[in-house]
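K.L.:
Would you mind keeping the following structure in view while I ask a few things?
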Amino acid sequence: MRIGILTREWQPDIYGGAGVHVDFLVPELRNLIEVDVHCFGGPRGDATAHQPAEQLASANMALQTLSVDLSMAGALGGVELVHSHTWYANMGGHLAGLLHDVPHVVTAHSLEPRRPWKAEQLAGGYALSSWAERTAYLGADAVIAVSEGMRTDVMDCYPELDPEKVHVVRNGINTELYQPDPGTDELERLGIDPDRPSVVFVGRITRQKGVPHLLAAAHEIDPSAQLVLCAGAPDTEELERLTREEVDVLSSERDGVFWISEMLPRPSIVQILSRATVFICPSIYEPLGIVNLEAMACGTPVVASAVGGIPEVVDHEETGLLVPYDEFQPKAFERGLAAGVNQLLGDLDRAAEMGRVGRERVVAEFGWDTVAEETVKVYTAALASRQ
């Protein structure tokens, strides 16, 4: 079987969960089938890269994206199936399926109807991204949801879909790359005290990731702990400005506040996660949350919002603590986040035990080899449905 994977992100340009998913899935798929990767950006040695049409250089980003999709569709002759990831590549997969008469499989990492704040980022392009996603999903031969919660969201947003076409294949984690690192060199380089408790966040500066809620909650987190925010790639300049202002206020109230906006290499993130006392995930929308798997694989307990697929990863009271989220009661959510973090900061033995159990769970249940095997089963079913 020869397939084409369509993705916006590919090494070395990976910044989000969907990119991480594709980065780890493809090598495992290549142990089973033949895979061609098509991505956005400059030339790559191990993928076919596509760039927006020059004539659209000053156009809305969504139009530029659609021009990349056209380029991808035209380059996919010879594959038996196409598999697209995120709205950026969904239309490329949809058009390739029509053009080459092959099945199109979509993996649902997020859904445009669940992210209305993206209108701030894309302006009128949000209408285009929503149209592209909807068209691709309704035309797909199969949809892969990365959690049961995500499958529910897919069916809620697109009730016209045949439920038999929507499959659940949860995200995975490489527990050899993500494992406890006892080193301290990277922490010392960044000025983080390895002997002092720390609360760590890793993620993009977006409303989806709940960064404003995290910064509000931080005022109530035990001041004896350091706050380490590995947060970059802001959605908008306004959100970056607001984040900077709030971090400055926090820094004036307490010491040990670190905002690391640079994209750190994986070994650095692994060490920061490994030495954290608590990992915090305040997302208001999260199909699964690979970053929670990464923290757990490093032996760190998680305090997270109980949204989307997160409860399928974080076992409340066993591998971390879950905090209910209600968009109409943000202050209660922020107090809950701070209270959960403070519980674990106040009981380091309990926190360490949660971290140990979390590591055991991801090793046992979230291997990428299993994800690849289940994904190939979806491909086989999609091909069979065409016969």
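Identifiers in this document derive from the order of the structure tokens: chains are assigned A, B, ..., residues are numbered from 1 separately in each chain, and ligands are numbered from 1 in order of occurrence.
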Within region 21-231 of chain A, find each residue whose DSSP state, derived from the backbone, is alpha helix (DSSP H), and express the selection as a ChimeraX atom specification.
P.N.:
/A:21-29,61-74,87-100,118-122,125-139,148-157,185-190,211-217
K.L.:
Counting only C-alpha atoms, what is within 8 Å of region 58-64 of chain A, bar same-chain residues fewer than 5 positions away, as a PyMOL selection string?
P.N.:
chain A and resi 52-53+122+124-126+128-129
K.L.:
Take CA of Leu56 (chain A) and CA of Tyr88 (chain A) and report the distance between them in Å, one decimal.
P.N.:
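These atoms are spaced 15.8 Å apart.
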K.L.:
Which polymer residues have any atom within 12 Å of an atom of Ser130 (chain A), counting only C-alpha atoms, with same-chain residues fewer than 4 positions away left out, as a PyMOL selection string?
P.N.:
chain A and resi 62+86-88+90-91+110-116+118-119+122-126+134-137+157-158
K.L.:
For a quick check of understanding, using only C-alpha atoms, which of A:Trp117, A:Phe258, A:Tyr325, A:Phe24 has the smallest distance to Asp369 (chain A)?
P.N.:
A:Phe24
K.L.:
Please produce, as a Markdown table, a per-residue contact table for region 56-146 of chain A versus region 160-173 of chain A (criterion: any atom at most 8 Å away, only C-alpha atoms considered), showing the nearest atom pair and its distance in Å to one decimal, sorted by chain then residue number.
P.N.:
```
| residue | atom | partner | partner_atom | distance |
| --- | --- | --- | --- | --- |
| A:Tyr137 | CA | A:Leu161 | CA | 7.9 |
| A:Leu138 | CA | A:Leu161 | CA | 6.1 |
| A:Asp141 | CA | A:Lys165 | CA | 6.8 |
| A:Ala142 | CA | A:Lys165 | CA | 4.8 |
| A:Val143 | CA | A:Val166 | CA | 4.7 |
| A:Ile144 | CA | A:His167 | CA | 4.9 |
| A:Ala145 | CA | A:Val168 | CA | 4.8 |
| A:Val146 | CA | A:Arg170 | CA | 4.3 |
```
